[in-house]
file start_33.tsv (TSV, C-alpha atoms and all ligand atoms)
chain	number	residue	atom	x	y	z
A	452	MET	CA	33.47	-89.36	-154.37
A	453	ARG	CA	33.41	-88.08	-150.79
A	454	ARG	CA	34.67	-84.51	-150.59
A	455	LYS	CA	35.02	-81.73	-148.05
A	456	ILE	CA	32.58	-79.03	-149.12
A	457	VAL	CA	31.43	-75.72	-147.71
A	458	ALA	CA	28.48	-74.27	-149.61
A	459	GLY	CA	26.93	-70.85	-149.06
A	460	ASN	CA	23.18	-70.56	-149.47
A	461	TRP	CA	22.56	-66.86	-149.92
A	462	LYS	CA	18.76	-67.35	-149.93
A	463	MET	CA	16.81	-64.22	-151.05
A	464	ASN	CA	19.62	-61.82	-150.14
A	465	THR	CA	21.80	-59.38	-152.09
A	466	LEU	CA	20.94	-57.25	-155.10
A	467	LEU	CA	22.97	-58.07	-158.19
A	468	GLN	CA	25.75	-55.58	-157.50
A	469	GLU	CA	25.98	-56.64	-153.84
A	470	GLY	CA	26.11	-60.26	-154.91
A	471	LEU	CA	28.94	-59.53	-157.32
A	472	THR	CA	30.86	-57.72	-154.59
A	473	LEU	CA	30.36	-60.63	-152.19
A	474	ALA	CA	31.42	-63.18	-154.81
A	475	GLU	CA	34.51	-61.12	-155.54
A	476	GLU	CA	35.41	-60.92	-151.86
A	477	VAL	CA	34.87	-64.64	-151.41
A	478	SER	CA	37.07	-65.36	-154.43
A	479	LYS	CA	39.89	-63.11	-153.24
A	480	LYS	CA	39.88	-64.51	-149.73
A	481	ALA	CA	39.62	-68.09	-151.02
A	482	GLU	CA	42.75	-67.58	-153.07
A	483	LYS	CA	44.62	-66.70	-149.88
A	484	SER	CA	43.12	-68.98	-147.25
A	485	LEU	CA	41.05	-71.82	-148.71
A	486	PRO	CA	42.56	-75.20	-147.77
A	487	GLU	CA	43.45	-77.17	-150.88
A	488	ASN	CA	41.24	-80.12	-149.98
A	489	VAL	CA	38.07	-78.04	-149.49
A	490	THR	CA	35.61	-77.21	-152.25
A	491	LEU	CA	33.76	-73.93	-151.91
A	492	ILE	CA	30.34	-73.41	-153.52
A	493	VAL	CA	28.18	-70.29	-153.60
A	494	ALA	CA	24.42	-70.36	-154.23
A	495	PRO	CA	23.21	-66.85	-155.12
A	496	PRO	CA	19.73	-65.99	-156.41
A	497	PHE	CA	18.89	-67.06	-160.00
A	498	THR	CA	19.22	-63.51	-161.33
A	499	HIS	CA	22.89	-63.36	-160.36
A	500	LEU	CA	24.09	-66.66	-161.81
A	501	PRO	CA	25.46	-65.63	-165.25
A	502	GLU	CA	27.17	-62.50	-163.93
A	503	ILE	CA	28.73	-64.26	-160.96
A	504	LYS	CA	29.84	-67.10	-163.23
A	505	LYS	CA	31.91	-64.57	-165.19
A	506	ILE	CA	33.94	-63.48	-162.17
A	507	LEU	CA	34.16	-66.72	-160.17
A	508	PRO	CA	37.46	-68.62	-160.36
A	509	GLN	CA	37.32	-72.14	-161.83
A	510	GLY	CA	37.77	-73.78	-158.44
A	511	ILE	CA	34.68	-72.26	-156.79
A	512	GLY	CA	31.39	-73.96	-157.57
A	513	LEU	CA	28.22	-72.10	-158.53
A	514	ALA	CA	24.80	-73.36	-157.43
A	515	ALA	CA	21.17	-72.40	-157.92
A	516	GLN	CA	18.88	-72.62	-154.88
A	517	ASN	CA	16.07	-74.50	-156.59
A	518	CYS	CA	14.98	-75.80	-160.00
A	519	ALA	CA	11.70	-76.68	-161.67
A	520	SER	CA	10.33	-80.20	-161.55
A	521	GLU	CA	9.41	-79.99	-165.25
A	522	SER	CA	11.82	-79.56	-168.12
A	523	SER	CA	10.10	-76.79	-170.13
A	524	GLY	CA	6.77	-75.28	-171.11
A	525	ALA	CA	3.92	-73.28	-169.59
A	526	PHE	CA	5.10	-72.99	-165.98
A	527	THR	CA	5.19	-69.25	-165.39
A	528	GLY	CA	7.90	-68.19	-162.98
A	529	GLU	CA	9.75	-71.49	-162.96
A	530	VAL	CA	13.41	-71.98	-163.90
A	531	SER	CA	14.43	-75.30	-165.43
A	532	ALA	CA	17.54	-77.32	-164.64
A	533	ALA	CA	18.66	-76.86	-168.27
A	534	MET	CA	18.38	-73.07	-167.90
A	535	ILE	CA	20.45	-73.20	-164.72
A	536	ALA	CA	23.12	-75.27	-166.46
A	537	SER	CA	23.10	-72.83	-169.39
A	538	ALA	CA	23.63	-69.95	-166.93
A	539	GLY	CA	26.89	-71.60	-165.86
A	540	ALA	CA	25.93	-73.27	-162.57
A	541	GLY	CA	27.14	-76.78	-161.83
A	542	TYR	CA	25.10	-77.41	-158.70
A	543	VAL	CA	21.54	-76.95	-157.46
A	544	ILE	CA	20.10	-77.06	-153.94
A	545	ILE	CA	17.00	-79.25	-153.89
A	546	GLY	CA	14.53	-79.76	-151.06
A	547	HIS	CA	15.66	-76.99	-148.74
A	548	SER	CA	13.28	-76.94	-145.77
A	549	GLU	CA	12.12	-73.42	-146.72
A	550	ARG	CA	11.00	-74.82	-150.09
A	551	ARG	CA	9.29	-77.75	-148.38
A	552	GLN	CA	7.64	-75.54	-145.76
A	553	TYR	CA	6.68	-72.31	-147.57
A	554	PHE	CA	6.24	-73.62	-151.10
A	555	ASN	CA	4.73	-76.98	-150.19
A	556	GLU	CA	7.29	-79.00	-152.09
A	557	THR	CA	6.58	-82.68	-151.54
A	558	ASP	CA	8.96	-85.62	-151.63
A	559	ALA	CA	7.44	-86.53	-155.02
A	560	ASP	CA	8.17	-83.02	-156.38
A	561	LEU	CA	11.71	-83.22	-155.08
A	562	ASN	CA	12.19	-86.61	-156.69
A	563	LYS	CA	11.27	-85.06	-160.05
A	564	LYS	CA	13.59	-82.11	-159.42
A	565	LEU	CA	16.48	-84.43	-158.60
A	566	LYS	CA	15.91	-86.31	-161.85
A	567	GLU	CA	15.73	-83.06	-163.82
A	568	ALA	CA	18.95	-81.82	-162.26
A	569	LEU	CA	20.78	-85.08	-162.93
A	570	ALA	CA	19.51	-85.27	-166.50
A	571	ASN	CA	20.95	-81.82	-167.12
A	572	GLY	CA	24.36	-82.53	-165.64
A	573	LEU	CA	23.85	-80.57	-162.42
A	574	THR	CA	25.07	-81.88	-159.07
A	575	PRO	CA	22.13	-81.76	-156.65
A	576	ILE	CA	22.64	-80.76	-153.02
A	577	PHE	CA	19.67	-82.66	-151.63
A	578	CYS	CA	18.44	-81.40	-148.24
A	579	CYS	CA	16.67	-83.34	-145.56
A	580	GLY	CA	15.88	-82.67	-141.91
A	581	GLU	CA	13.22	-82.80	-139.23
A	582	ASN	CA	11.36	-79.92	-137.58
A	583	LEU	CA	11.29	-79.18	-133.85
A	584	HIS	CA	8.03	-81.01	-133.24
A	585	GLU	CA	9.37	-84.14	-134.93
A	586	ARG	CA	12.64	-83.94	-132.97
A	587	GLU	CA	10.75	-83.56	-129.68
A	588	LYS	CA	8.48	-86.48	-130.52
A	589	GLY	CA	11.58	-88.58	-131.16
A	590	ILE	CA	10.60	-89.39	-134.74
A	591	HIS	CA	13.46	-87.42	-136.38
A	592	THR	CA	15.23	-90.45	-137.82
A	593	GLU	CA	11.98	-91.79	-139.23
A	594	VAL	CA	11.25	-88.43	-140.89
A	595	VAL	CA	14.69	-88.19	-142.47
A	596	ARG	CA	14.56	-91.82	-143.63
A	597	GLU	CA	11.25	-91.18	-145.39
A	598	GLN	CA	12.52	-87.97	-146.99
A	599	LEU	CA	15.51	-89.87	-148.38
A	600	GLU	CA	13.62	-92.96	-149.50
A	601	ARG	CA	10.87	-90.98	-151.22
A	602	GLY	CA	13.11	-88.28	-152.62
A	603	LEU	CA	15.52	-90.82	-154.08
A	604	ALA	CA	12.87	-93.17	-155.50
A	605	ASP	CA	13.95	-94.71	-158.83
A	606	ILE	CA	17.31	-92.96	-158.79
A	607	SER	CA	20.00	-95.53	-159.55
A	608	GLY	CA	23.18	-95.95	-157.54
A	609	ASP	CA	25.12	-94.61	-160.48
A	610	GLU	CA	22.98	-91.46	-160.62
A	611	PHE	CA	22.97	-91.11	-156.85
A	612	SER	CA	26.77	-91.07	-156.76
A	613	LYS	CA	26.60	-87.50	-158.12
A	614	ILE	CA	24.32	-86.28	-155.31
A	615	ILE	CA	25.50	-84.39	-152.24
A	616	VAL	CA	23.27	-84.75	-149.17
A	617	ALA	CA	22.71	-81.95	-146.66
A	618	TYR	CA	21.23	-82.62	-143.23
A	619	GLU	CA	19.54	-79.47	-142.00
A	620	PRO	CA	17.42	-79.78	-138.86
A	621	VAL	CA	14.71	-77.16	-139.40
A	622	TRP	CA	14.89	-76.06	-135.76
A	623	ALA	CA	18.52	-75.05	-136.24
A	624	ILE	CA	18.10	-73.01	-139.43
A	625	GLY	CA	18.45	-69.28	-138.91
A	626	THR	CA	17.68	-69.72	-135.21
A	627	GLY	CA	21.17	-69.54	-133.75
A	628	LYS	CA	20.42	-72.95	-132.26
A	629	THR	CA	22.91	-75.43	-133.70
A	630	ALA	CA	22.64	-79.19	-133.48
A	631	THR	CA	25.29	-80.44	-131.08
A	632	PRO	CA	28.24	-82.19	-132.72
A	633	GLU	CA	26.80	-85.46	-131.30
A	634	GLN	CA	23.35	-84.84	-132.76
A	635	ALA	CA	24.89	-84.02	-136.14
A	636	GLN	CA	27.17	-87.08	-136.09
A	637	ASP	CA	24.32	-89.40	-135.02
A	638	MET	CA	22.07	-88.23	-137.83
A	639	HIS	CA	24.81	-88.25	-140.48
A	640	ASN	CA	25.68	-91.77	-139.45
A	641	PHE	CA	22.01	-92.72	-139.63
A	642	ILE	CA	21.78	-91.17	-143.12
A	643	ARG	CA	24.67	-93.39	-144.24
A	644	THR	CA	22.79	-96.42	-142.90
A	645	VAL	CA	19.72	-95.43	-144.92
A	646	LEU	CA	21.86	-94.93	-148.03
A	647	LYS	CA	23.48	-98.30	-147.44
A	648	ASN	CA	20.04	-99.91	-147.38
A	649	ILE	CA	18.90	-98.13	-150.53
A	650	TYR	CA	22.20	-98.55	-152.42
A	651	SER	CA	25.31	-100.16	-150.94
A	652	SER	CA	27.81	-99.61	-148.14
A	653	GLU	CA	30.34	-98.41	-150.68
A	654	THR	CA	27.90	-95.78	-151.97
A	655	ALA	CA	27.02	-94.75	-148.42
A	656	ASP	CA	30.70	-94.34	-147.55
A	657	ASP	CA	31.37	-92.33	-150.69
A	658	THR	CA	28.54	-89.84	-150.12
A	659	THR	CA	29.36	-86.29	-149.10
A	660	ILE	CA	26.99	-85.29	-146.28
A	661	LEU	CA	26.90	-81.64	-145.21
A	662	TYR	CA	25.49	-80.21	-142.00
A	663	GLY	CA	23.40	-77.02	-142.12
A	664	GLY	CA	21.74	-74.90	-139.48
A	665	SER	CA	23.33	-71.93	-137.67
A	666	CYS	CA	26.81	-73.11	-138.59
A	667	ASN	CA	29.33	-70.34	-137.91
A	668	PRO	CA	33.08	-69.82	-137.42
A	669	GLY	CA	32.64	-70.54	-133.70
A	670	ASN	CA	31.04	-73.99	-134.00
A	671	ALA	CA	32.19	-75.30	-137.41
A	672	ARG	CA	35.35	-76.97	-136.16
A	673	LYS	CA	33.54	-79.19	-133.66
A	674	LEU	CA	30.86	-80.08	-136.18
A	675	PHE	CA	33.34	-80.88	-138.98
A	676	ALA	CA	35.50	-82.96	-136.64
A	677	ASN	CA	32.90	-85.74	-136.72
A	678	ALA	CA	33.63	-88.78	-138.85
A	679	ASP	CA	30.43	-88.52	-140.87
A	680	VAL	CA	30.24	-84.73	-141.30
A	681	ASP	CA	31.89	-83.71	-144.56
A	682	GLY	CA	31.26	-79.99	-144.43
A	683	GLY	CA	28.48	-77.45	-144.22
A	684	LEU	CA	25.62	-75.76	-146.00
A	685	ILE	CA	25.81	-72.25	-144.62
A	686	GLY	CA	23.05	-69.65	-144.65
A	687	GLY	CA	23.50	-66.44	-142.66
A	688	ALA	CA	27.27	-66.75	-142.19
A	689	SER	CA	27.84	-67.19	-145.93
A	690	LEU	CA	26.83	-63.55	-146.50
A	691	LYS	CA	30.06	-62.41	-144.85
A	692	ALA	CA	33.13	-63.45	-146.81
A	693	ASP	CA	35.33	-63.55	-143.70
A	694	ASP	CA	32.96	-65.82	-141.79
A	695	PHE	CA	32.38	-68.04	-144.80
A	696	LEU	CA	36.11	-68.55	-145.36
A	697	ALA	CA	36.70	-69.05	-141.63
A	698	ILE	CA	34.15	-71.87	-141.73
A	699	ALA	CA	35.86	-73.36	-144.79
A	700	GLY	CA	39.13	-73.29	-142.83
A	701	SER	CA	37.60	-75.23	-139.94
A	702	PHE	CA	38.39	-78.81	-140.96
B	1	LIG	P1	21.61	-70.78	-141.46
B	1	LIG	O1	20.90	-71.46	-142.74
B	1	LIG	O2	23.08	-71.10	-141.58
B	1	LIG	O3	21.33	-69.32	-141.61
B	1	LIG	O4	20.99	-71.39	-140.26
B	1	LIG	C1	21.32	-72.69	-143.23
B	1	LIG	C2	20.49	-73.05	-144.44
B	1	LIG	O5	19.28	-72.81	-144.42
B	1	LIG	O6	21.00	-73.58	-145.44

call {"tool": "encode", "arguments": {"input": "start_33.tsv", "output": "structure tokens", "more": "lines below"}}
Ligand code: PGA
result
Amino acid sequence: MRRKIVAGNWKMNTLLQEGLTLAEEVSKKAEKSLPENVTLIVAPPFTHLPEIKKILPQGIGLAAQNCASESSGAFTGEVSAAMIASAGAGYVIIGHSERRQYFNETDADLNKKLKEALANGLTPIFCCGENLHEREKGIHTEVVREQLERGLADISGDEFSKIIVAYEPVWAIGTGKTATPEQAQDMHNFIRTVLKNIYSSETADDTTILYGGSCNPGNARKLFANADVDGGLIGGASLKADDFLAIAGSF
């Protein structure tokens, strides 16, 4: 079902106590100002998940930032989707551009991760997006289409209906350079066309597609006003409870 969602990707920030304080602040402010039709999700580091789960109100979702592509065994340092679910998270970010870029995660790896997440009852937030070079060459739609087609290979329409998509142009992440509302709308609309071709127009219409990349309280309203933008995946601005809630109030 298509929903309005604002998710905070904390990345590798906050020590446990700081994370707990931030989660508490977010919860308190959400109680006062979160619009009823908006779902808030926080994605802290793995180490924080069980502790944050204990203090987070029912209505706020908890996400991991990554999961393993295998289900268990000798994979030192990896965290499985089942472990994430057992820590109390209901969501997992998969395919963030930092994972693709710095940890060489391929579309095939991400396809396995999506399947692991789904098999363990987690809702994946599946990220796609082109880099600056690809945007300048004019091949951004082609790049995103391939990421979606390969990442979603052999995932049925029924399974896909649980997935949230996030469009995050790499050139806009952490750079202060946001996609214009038109660029975001164009790509989100294109993503729905790709999903329509893979699945059906009903599935494409029902998919929640978030925008990510230097989204802040100053630009969220214009981005979220677009017909195909259902919310945001927020990095830097999600580390400040006030900014995060201001973004969530921008629909
Ligand atoms: P940013 O990050 O909001 O700091 O640009 C977004 C993201 O990487 O999810």

call {"tool": "closest_residue", "arguments": {"input": "start_33.tsv", "among": "A:Asp694, A:Asp657, A:Asp605, A:Glu475", "to": "ligand LIG 1 (chain B)", "atoms": "all atoms listed in the file"}}
result
A:Asp694

call {"tool": "residues_near_ligand", "arguments": {"input": "start_33.tsv", "ligand": "ligand LIG 1 (chain B)", "cutoff": "9 Å", "atoms": "only C-alpha atoms and all ligand atoms", "output": "JSON, numbers by chain"}}
result
{"A": [458, 459, 460, 461, 462, 547, 548, 549, 578, 617, 619, 621, 622, 623, 624, 625, 626, 627, 628, 629, 662, 663, 664, 665, 666, 667, 683, 684, 685, 686, 687, 688, 689]}

call {"tool": "atom_distance", "arguments": {"input": "start_33.tsv", "atom1": "atom CA of Pro620 of chain A", "atom2": "atom CA of His639 of chain A"}}
result
11.4 Å

call {"tool": "atom_distance", "arguments": {"input": "start_33.tsv", "atom1": "atom CA of Ser478 of chain A", "atom2": "atom CA of Leu491 of chain A"}}
result
9.5 Å

call {"tool": "atom_distance", "arguments": {"input": "start_33.tsv", "atom1": "atom CA of Lys566 of chain A", "atom2": "atom CA of Arg550 of chain A"}}
result
17.2 Å

call {"tool": "residues_around", "arguments": {"input": "start_33.tsv", "residues": "Arg454 of chain A", "least_positions_apart": "5", "cutoff": "9 Å", "atoms": "all atoms listed in the file", "output": "list in words"}}
result
Asn488, Val489, Thr490, Asp657, Thr658, Thr659, Ile660, Asp681 and Gly682 of chain A

call {"tool": "write_last_selection", "arguments": {"input": "start_33.tsv", "atoms": "C-alpha atoms", "output": "tab-separated table (two decimals), keeping the file's coordinate frame"}}
result
chain	number	residue	atom	x	y	z
A	488	ASN	CA	41.24	-80.12	-149.98
A	489	VAL	CA	38.07	-78.04	-149.49
A	490	THR	CA	35.61	-77.21	-152.25
A	657	ASP	CA	31.37	-92.33	-150.69
A	658	THR	CA	28.54	-89.84	-150.12
A	659	THR	CA	29.36	-86.29	-149.10
A	660	ILE	CA	26.99	-85.29	-146.28
A	681	ASP	CA	31.89	-83.71	-144.56
A	682	GLY	CA	31.26	-79.99	-144.43

call {"tool": "closest_residue", "arguments": {"input": "start_33.tsv", "among": "A:Ala568, A:Ala525, A:Val543, A:Ile649", "to": "Gly608 of chain A", "atoms": "all atoms listed in the file"}}
result
A:Ile649

call {"tool": "axis_aligned_box", "arguments": {"input": "start_33.tsv", "around": "segment 616-632 of chain A", "padding_each_side": "5 Å", "output": "JSON"}}
result
{"center_x": 21.5, "center_y": -77.0, "center_z": -140.1, "size_x": 23.5, "size_y": 25.5, "size_z": 28.1}

call {"tool": "closest_residue", "arguments": {"input": "start_33.tsv", "among": "A:Gly528, A:Gly512, A:Gly669, A:Gly589", "to": "Ile576 of chain A", "atoms": "all atoms listed in the file"}}
result
A:Gly512

call {"tool": "residues_around", "arguments": {"input": "start_33.tsv", "residues": "Asn571 of chain A", "least_positions_apart": "3", "cutoff": "9 Å", "atoms": "all atoms listed in the file", "output": "list in words"}}
result
Ala532, Ala533, Ile535, Ala536, Lys566, Glu567 and Ala568 of chain A

call {"tool": "residues_around", "arguments": {"input": "start_33.tsv", "residues": "Lys673 of chain A", "least_positions_apart": "6", "cutoff": "9 Å", "atoms": "only C-alpha atoms", "output": "list in words"}}
result
Thr631, Pro632, Ser701 and Phe702 of chain A

call {"tool": "residues_around", "arguments": {"input": "start_33.tsv", "residues": "Ala692 of chain A", "least_positions_apart": "4", "cutoff": "7 Å", "atoms": "all atoms listed in the file", "output": "ChimeraX atom specification"}}
result
/A:473,476-477,696

call {"tool": "decode", "arguments": {"input": "start_33.tsv", "residues": "segment 571-646 of chain A", "atoms": "C-alpha atoms", "output": "PDB file, in the first residue's frame"}}
result
ATOM      1  CA  ASN A 571      12.470 -12.901   7.360  1.00  0.00           C
ATOM      2  CA  GLY A 572       9.472 -10.584   7.396  1.00  0.00           C
ATOM      3  CA  LEU A 573      11.433  -7.339   7.066  1.00  0.00           C
ATOM      4  CA  THR A 574      10.241  -4.504   4.835  1.00  0.00           C
ATOM      5  CA  PRO A 575      13.126  -3.546   2.555  1.00  0.00           C
ATOM      6  CA  ILE A 576      13.790   0.091   1.678  1.00  0.00           C
ATOM      7  CA  PHE A 577      15.477  -0.565  -1.654  1.00  0.00           C
ATOM      8  CA  CYS A 578      17.693   2.292  -2.883  1.00  0.00           C
ATOM      9  CA  CYS A 579      18.565   3.169  -6.431  1.00  0.00           C
ATOM     10  CA  GLY A 580      20.137   6.206  -8.078  1.00  0.00           C
ATOM     11  CA  GLU A 581      22.709   7.402 -10.579  1.00  0.00           C
ATOM     12  CA  ASN A 582      26.031   9.128  -9.940  1.00  0.00           C
ATOM     13  CA  LEU A 583      27.054  12.531 -11.294  1.00  0.00           C
ATOM     14  CA  HIS A 584      28.907  11.125 -14.287  1.00  0.00           C
ATOM     15  CA  GLU A 585      25.869   9.070 -15.295  1.00  0.00           C
ATOM     16  CA  ARG A 586      23.549  12.069 -14.865  1.00  0.00           C
ATOM     17  CA  GLU A 587      25.837  14.262 -16.974  1.00  0.00           C
ATOM     18  CA  LYS A 588      26.061  11.611 -19.679  1.00  0.00           C
ATOM     19  CA  GLY A 589      22.268  11.506 -19.760  1.00  0.00           C
ATOM     20  CA  ILE A 590      22.101   7.798 -18.938  1.00  0.00           C
ATOM     21  CA  HIS A 591      20.503   8.229 -15.477  1.00  0.00           C
ATOM     22  CA  THR A 592      17.201   6.587 -16.378  1.00  0.00           C
ATOM     23  CA  GLU A 593      18.990   3.650 -17.964  1.00  0.00           C
ATOM     24  CA  VAL A 594      21.121   3.188 -14.830  1.00  0.00           C
ATOM     25  CA  VAL A 595      18.129   3.254 -12.496  1.00  0.00           C
ATOM     26  CA  ARG A 596      16.147   0.903 -14.749  1.00  0.00           C
ATOM     27  CA  GLU A 597      18.981  -1.628 -14.654  1.00  0.00           C
ATOM     28  CA  GLN A 598      19.362  -1.331 -10.881  1.00  0.00           C
ATOM     29  CA  LEU A 599      15.651  -2.040 -10.464  1.00  0.00           C
ATOM     30  CA  GLU A 600      15.427  -4.850 -13.011  1.00  0.00           C
ATOM     31  CA  ARG A 601      18.498  -6.644 -11.689  1.00  0.00           C
ATOM     32  CA  GLY A 602      17.839  -5.985  -8.023  1.00  0.00           C
ATOM     33  CA  LEU A 603      14.261  -7.218  -8.293  1.00  0.00           C
ATOM     34  CA  ALA A 604      15.013 -10.300 -10.416  1.00  0.00           C
ATOM     35  CA  ASP A 605      12.788 -13.264  -9.482  1.00  0.00           C
ATOM     36  CA  ILE A 606      10.917 -11.295  -6.840  1.00  0.00           C
ATOM     37  CA  SER A 607       7.193 -11.838  -7.372  1.00  0.00           C
ATOM     38  CA  GLY A 608       4.621  -9.055  -7.472  1.00  0.00           C
ATOM     39  CA  ASP A 609       3.259 -10.309  -4.193  1.00  0.00           C
ATOM     40  CA  GLU A 610       6.691 -10.112  -2.545  1.00  0.00           C
ATOM     41  CA  PHE A 611       7.461  -6.793  -4.191  1.00  0.00           C
ATOM     42  CA  SER A 612       4.315  -5.236  -2.722  1.00  0.00           C
ATOM     43  CA  LYS A 613       6.143  -5.153   0.640  1.00  0.00           C
ATOM     44  CA  ILE A 614       9.121  -3.211  -0.737  1.00  0.00           C
ATOM     45  CA  ILE A 615       9.603   0.535  -0.384  1.00  0.00           C
ATOM     46  CA  VAL A 616      11.750   2.143  -3.096  1.00  0.00           C
ATOM     47  CA  ALA A 617      14.077   5.079  -2.439  1.00  0.00           C
ATOM     48  CA  TYR A 618      15.490   7.167  -5.272  1.00  0.00           C
ATOM     49  CA  GLU A 619      18.757   8.703  -4.143  1.00  0.00           C
ATOM     50  CA  PRO A 620      20.842  10.435  -6.802  1.00  0.00           C
ATOM     51  CA  VAL A 621      24.409   9.880  -5.583  1.00  0.00           C
ATOM     52  CA  TRP A 622      25.402  13.440  -6.520  1.00  0.00           C
ATOM     53  CA  ALA A 623      22.829  14.796  -4.076  1.00  0.00           C
ATOM     54  CA  ILE A 624      23.763  12.672  -1.055  1.00  0.00           C
ATOM     55  CA  GLY A 625      25.518  14.615   1.683  1.00  0.00           C
ATOM     56  CA  THR A 626      26.504  17.292  -0.836  1.00  0.00           C
ATOM     57  CA  GLY A 627      23.905  19.943  -0.071  1.00  0.00           C
ATOM     58  CA  LYS A 628      22.962  19.675  -3.747  1.00  0.00           C
ATOM     59  CA  THR A 629      19.345  18.508  -3.940  1.00  0.00           C
ATOM     60  CA  ALA A 630      17.623  17.228  -7.040  1.00  0.00           C
ATOM     61  CA  THR A 631      15.119  19.830  -8.181  1.00  0.00           C
ATOM     62  CA  PRO A 632      11.481  18.941  -7.544  1.00  0.00           C
ATOM     63  CA  GLU A 633      11.172  18.397 -11.330  1.00  0.00           C
ATOM     64  CA  GLN A 634      14.161  16.054 -11.467  1.00  0.00           C
ATOM     65  CA  ALA A 635      12.785  14.080  -8.515  1.00  0.00           C
ATOM     66  CA  GLN A 636       9.272  13.893  -9.998  1.00  0.00           C
ATOM     67  CA  ASP A 637      10.596  12.858 -13.434  1.00  0.00           C
ATOM     68  CA  MET A 638      12.660  10.027 -11.989  1.00  0.00           C
ATOM     69  CA  HIS A 639       9.953   8.840  -9.588  1.00  0.00           C
ATOM     70  CA  ASN A 640       7.522   8.758 -12.476  1.00  0.00           C
ATOM     71  CA  PHE A 641      10.062   6.844 -14.542  1.00  0.00           C
ATOM     72  CA  ILE A 642      10.535   4.359 -11.674  1.00  0.00           C
ATOM     73  CA  ARG A 643       6.777   3.720 -11.679  1.00  0.00           C
ATOM     74  CA  THR A 644       6.960   3.027 -15.420  1.00  0.00           C
ATOM     75  CA  VAL A 645       9.734   0.491 -14.836  1.00  0.00           C
ATOM     76  CA  LEU A 646       7.729  -1.140 -12.033  1.00  0.00           C
TER      77      LEU A 646
END
